[in-house]
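Asker: Below: one structure in structure tokens.
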Amino acid sequence: MRKLIYCGLYLVLLFLCIFSIYIHQQTIRSQEHINHKEDKLDTDVRPLKGKKAESEVNIYKASLSAIGDVLIHDRVYEPAQIMEGKYDFIPYLKQVQAELRKADITVANQESMIGGTEIGLSTYPAFNSPYEVGIALKESGVDIVTIANNHTLDRGEKAIKRAISHWNEIGIPYTGSFLSKEDQRNIRTIEKNHITFSFLAYTYGTNGIETPKDKPFLVNRIDIENIRKDILKAKEESDVVVVSLHFGNEYQRLPNDEQKQLAQQTANAGADIIIGHHPHVLQPMEWIEREDGRRSFVAYSLGNFFTGQTEDYKDIGGIMKIDVEKRVKDGESSIVLKEPSFIPTFVNEEYVVSLLEELPAKKDVYEEIKKHMNRWLPELKFS
């Protein structure tokens, strides 16, 4: 009996020993499987560690507004006189100040030189305007003025010097007319939100008045080769090149072939935004496809903004606005122009007002202007 018990115990111990060995072997195999799996996972992940992570793209945004001709006739400056030799134009721009201030940068075409009262004010055909015009523009949100146009030389070098002195005094940069070669070579730039804009301006002529031969810097004339050189220099100093062209035929509501050709050449030279003046009426806007595959934006004419001219669309202008986006990746930047918009304005007894908001009776004219301005730019927004 005892032998049977010992034999049974022996078998149990043997079984337990065999079972223990089996469990140990299974544990080893399981661990080897896990290690193998982890090795496989390491193999799958390792190449990802060697890949270059996606570069971060930094995006900056700024907006540019532009207005048309500021051409101050006697019927504009006479009502603005508040005392002998003193003028106040701020009330006449009050109703559009909020819109002018919305953009990060606003540029105006100051067509009449603001030489001041000391040399005598004058109206058409040879203009000289009060200093206070500049003060009103600054107060209203204008950041830079273009002064290359057919009236630049109306009152000679004296008026230019006095005007530029006042622009400097009130802190508004100017372009298109200069005091010296050095002044002319200094590209005007404005930086907003990490985006640098440069500004150039040129005119087709000066009403037959010759520029002094030893002082060509007094006014930039349209010469495509000079424009190309200036744009190349401007591109070295800025992200966005804005070129103002005083061109076209007065009172024609559509650009002529010469305007289109010059705008195309200017765009191909690298101009991003082209702003046209001189016709004194609104001309449409459009995108221009460039030789480098990019596109430029052109407003062929922004009409009259603040003026004594009336009727036949000469009292209608507007505020053009376009958004600029700068994308920076791996040290390389690119510029995207987007969402152009336009607010038609009207000169109502010397007061500049929104055509629709302030003059609901002009709703039919407003609708006509909308149709006219977006004939080549269907996405143009209006307000």
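By convention in this document, the chains of the structure tokens carry letters A, B, ... by their order, each chain's residues are numbered from 1, and ligands are numbered from 1 in the order they are shown.
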For segment 103-136 of chain A versus segment 146-155 of chain A, which residues have an atom no more than 10 Å away, and what is each residue's nearest atom pair and distance in Å rounded to one decimal, using only C-alpha atoms, chain-then-number order, as JSON lines?
Answerer:
{"residue": "A:Val107", "atom": "CA", "partner": "A:Thr146", "partner_atom": "CA", "distance": 7.5}
{"residue": "A:Ala108", "atom": "CA", "partner": "A:Thr146", "partner_atom": "CA", "distance": 6.3}
{"residue": "A:Asn109", "atom": "CA", "partner": "A:Thr146", "partner_atom": "CA", "distance": 4.9}
{"residue": "A:Gln110", "atom": "CA", "partner": "A:Ile147", "partner_atom": "CA", "distance": 5.6}
{"residue": "A:Glu111", "atom": "CA", "partner": "A:Ile147", "partner_atom": "CA", "distance": 6.1}
{"residue": "A:Ser112", "atom": "CA", "partner": "A:His151", "partner_atom": "CA", "distance": 6.2}
{"residue": "A:Met113", "atom": "CA", "partner": "A:Thr152", "partner_atom": "CA", "distance": 6.4}
{"residue": "A:Gly115", "atom": "CA", "partner": "A:Arg155", "partner_atom": "CA", "distance": 8.4}
{"residue": "A:Ile119", "atom": "CA", "partner": "A:Arg155", "partner_atom": "CA", "distance": 9.1}
{"residue": "A:Gly120", "atom": "CA", "partner": "A:Arg155", "partner_atom": "CA", "distance": 9.9}
{"residue": "A:Leu121", "atom": "CA", "partner": "A:Arg155", "partner_atom": "CA", "distance": 9.9}
{"residue": "A:Ser122", "atom": "CA", "partner": "A:Arg155", "partner_atom": "CA", "distance": 9.0}
{"residue": "A:Tyr124", "atom": "CA", "partner": "A:His151", "partner_atom": "CA", "distance": 9.6}
{"residue": "A:Pro125", "atom": "CA", "partner": "A:Asp154", "partner_atom": "CA", "distance": 8.0}
{"residue": "A:Ala126", "atom": "CA", "partner": "A:Asp154", "partner_atom": "CA", "distance": 4.8}
{"residue": "A:Phe127", "atom": "CA", "partner": "A:Asp154", "partner_atom": "CA", "distance": 6.1}
{"residue": "A:Asn128", "atom": "CA", "partner": "A:Arg155", "partner_atom": "CA", "distance": 6.8}
Asker: Could you turn the residues from that selection into a file that holds C-alpha atoms, as a CSV table (one decimal), in the first residue's frame?
Answerer:
chain,number,residue,atom,x,y,z
A,107,VAL,CA,-2.0,105.9,-50.8
A,108,ALA,CA,-3.4,109.0,-52.5
A,109,ASN,CA,-2.7,110.8,-55.8
A,110,GLN,CA,-2.1,114.4,-54.8
A,111,GLU,CA,-2.4,116.0,-58.2
A,112,SER,CA,-2.1,119.7,-57.3
A,113,MET,CA,1.1,120.8,-55.6
A,115,GLY,CA,2.9,125.0,-52.3
A,119,ILE,CA,3.4,132.0,-53.3
A,120,GLY,CA,-0.3,132.5,-54.1
A,121,LEU,CA,-3.0,129.9,-54.5
A,122,SER,CA,-4.1,129.1,-58.0
A,124,TYR,CA,-6.9,125.5,-63.3
A,125,PRO,CA,-4.9,125.4,-65.5
A,126,ALA,CA,-1.9,125.9,-63.3
A,127,PHE,CA,-2.6,124.7,-59.7
A,128,ASN,CA,-1.1,125.6,-56.4
Asker: Can you list, as a list in words, every protein, DNA or RNA residue that comes within 10 Å of Arg162 of chain A when you count only C-alpha atoms, leaving out same-chain residues fewer than 3 positions away?
Answerer: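 After dropping sequence-adjacent residues, the list is Met113, Ile114, Gly115, Gly116, Glu118, Ile119, Tyr131, Glu157, Lys158, Ala159, Ser165, His166, Trp167 and Asn168 of chain A.
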Asker: When you count only C-alpha atoms, which of these residues is closest to Leu64 of chain A: A:Thr106, A:Thr196, A:Ser333, A:Gln95?
Answerer: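 Residue with the minimum atom-to-atom distance to Leu64 of chain A: A:Thr106.
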Asker: Need the shell around segment 243-252 of chain A: protein/DNA/RNA residues with any atom at most 7 Å away, counting only C-alpha atoms. Skip same-chain ones fewer than 5 positions apart. Format as a PyMOL selection string?
Answerer: chain A and resi 149+199-204+259+271+273-281
Asker: Considering only C-alpha atoms, return as number ranges by chain whatever protein or nucleic-acid residues lie within 10 Å of segment 357-360 of chain A, sequence-local ones (same chain, fewer than 3 positions apart) excluded.
Answerer: A: 95, 344-346, 348, 352-354, 363-366, 383
Asker: How would you write, as a VMD selection string, the set of residues in segment 68-262 of chain A that DSSP gives as helix (DSSP H, G or I)?
Answerer: chain A and resid 74 to 77 90 to 102 117 to 119 132 to 140 156 to 170 181 to 185 216 to 218 224 to 237 257 to 262
Asker: Find the residue from A:Ser140, A:Ser63, A:Thr175, A:Ser129 that sits nearest to Gln97 of chain A; use only C-alpha atoms when measuring.
Answerer: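 Residue with the minimum atom-to-atom distance to Gln97 of chain A: A:Ser140.
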Asker: Could you pull the residues within 12 Å of Tyr92 of chain A, counting only C-alpha atoms, minus those fewer than 3 positions along the same chain, as a list in words?
Answerer: Val76, Tyr77, Pro79, Ala80, Tyr87, Asp88, Phe89, Gln95, Val96, Gln97, Val133, Ala136, Leu137, Glu139, Ser140, Phe305, Phe306, Thr307, Phe346, Val347, Asn348, Glu349, Glu350, Tyr351, Val352 and Val353 of chain A
Asker: Write out the residues from the selection above, keeping N, CA and C atoms, as a CSV table (one decimal), in the first residue's frame.
Answerer:
chain,number,residue,atom,x,y,z
A,76,VAL,N,-13.1,124.6,-54.4
A,76,VAL,CA,-12.9,123.7,-53.3
A,76,VAL,C,-12.2,124.5,-52.2
A,77,TYR,N,-11.1,125.2,-52.5
A,77,TYR,CA,-10.4,125.8,-51.4
A,77,TYR,C,-11.0,127.1,-50.9
A,79,PRO,N,-14.4,127.7,-50.2
A,79,PRO,CA,-15.3,127.5,-49.0
A,79,PRO,C,-14.5,127.0,-47.8
A,80,ALA,N,-13.3,126.4,-48.0
A,80,ALA,CA,-12.5,125.9,-46.9
A,80,ALA,C,-11.8,126.9,-46.1
A,87,TYR,N,-6.8,127.5,-43.9
A,87,TYR,CA,-7.9,126.7,-44.5
A,87,TYR,C,-8.1,125.4,-43.7
A,88,ASP,N,-9.3,124.9,-43.8
A,88,ASP,CA,-9.5,123.6,-43.1
A,88,ASP,C,-10.4,122.7,-44.0
A,89,PHE,N,-9.7,121.6,-44.5
A,89,PHE,CA,-10.4,120.7,-45.4
A,89,PHE,C,-10.8,119.4,-44.7
A,95,GLN,N,-16.7,112.2,-43.7
A,95,GLN,CA,-17.6,111.1,-43.9
A,95,GLN,C,-16.9,109.8,-44.5
A,96,VAL,N,-15.7,110.0,-45.0
A,96,VAL,CA,-15.0,108.8,-45.5
A,96,VAL,C,-13.8,108.4,-44.7
A,97,GLN,N,-13.5,109.2,-43.6
A,97,GLN,CA,-12.3,108.9,-42.9
A,97,GLN,C,-12.3,107.5,-42.3
A,133,VAL,N,-4.3,121.0,-47.2
A,133,VAL,CA,-4.8,119.8,-47.9
A,133,VAL,C,-4.0,118.6,-47.4
A,136,ALA,N,-5.2,117.5,-43.9
A,136,ALA,CA,-6.5,116.8,-44.0
A,136,ALA,C,-6.4,115.4,-44.4
A,137,LEU,N,-5.5,115.2,-45.4
A,137,LEU,CA,-5.2,113.8,-45.9
A,137,LEU,C,-4.6,113.0,-44.7
A,139,GLU,N,-4.8,113.5,-41.5
A,139,GLU,CA,-5.9,113.3,-40.5
A,139,GLU,C,-6.9,112.2,-40.9
A,140,SER,N,-7.1,112.1,-42.2
A,140,SER,CA,-8.1,111.1,-42.7
A,140,SER,C,-7.5,109.7,-42.9
A,305,PHE,N,-11.2,111.9,-56.5
A,305,PHE,CA,-11.6,111.7,-55.1
A,305,PHE,C,-12.0,113.0,-54.5
A,306,PHE,N,-11.2,114.0,-54.5
A,306,PHE,CA,-11.5,115.3,-53.9
A,306,PHE,C,-11.2,116.4,-54.9
A,307,THR,N,-12.2,117.0,-55.5
A,307,THR,CA,-12.0,117.9,-56.7
A,307,THR,C,-13.1,118.9,-56.8
A,346,PHE,N,-18.5,110.0,-53.9
A,346,PHE,CA,-19.1,111.1,-54.7
A,346,PHE,C,-18.8,112.5,-54.0
A,347,VAL,N,-18.4,113.5,-54.9
A,347,VAL,CA,-18.1,114.8,-54.3
A,347,VAL,C,-19.4,115.6,-54.4
A,348,ASN,N,-20.0,115.8,-53.2
A,348,ASN,CA,-21.3,116.4,-53.0
A,348,ASN,C,-21.1,117.8,-52.4
A,349,GLU,N,-21.1,118.8,-53.3
A,349,GLU,CA,-20.8,120.2,-52.8
A,349,GLU,C,-19.6,120.3,-52.0
A,350,GLU,N,-18.5,119.8,-52.5
A,350,GLU,CA,-17.2,119.7,-52.0
A,350,GLU,C,-17.0,118.6,-50.9
A,351,TYR,N,-18.0,118.0,-50.4
A,351,TYR,CA,-17.9,117.0,-49.4
A,351,TYR,C,-17.8,115.6,-50.1
A,352,VAL,N,-16.8,114.9,-49.6
A,352,VAL,CA,-16.6,113.5,-50.2
A,352,VAL,C,-17.4,112.5,-49.4
A,353,VAL,N,-18.4,111.8,-50.0
A,353,VAL,CA,-19.3,110.9,-49.3
A,353,VAL,C,-19.3,109.6,-50.0
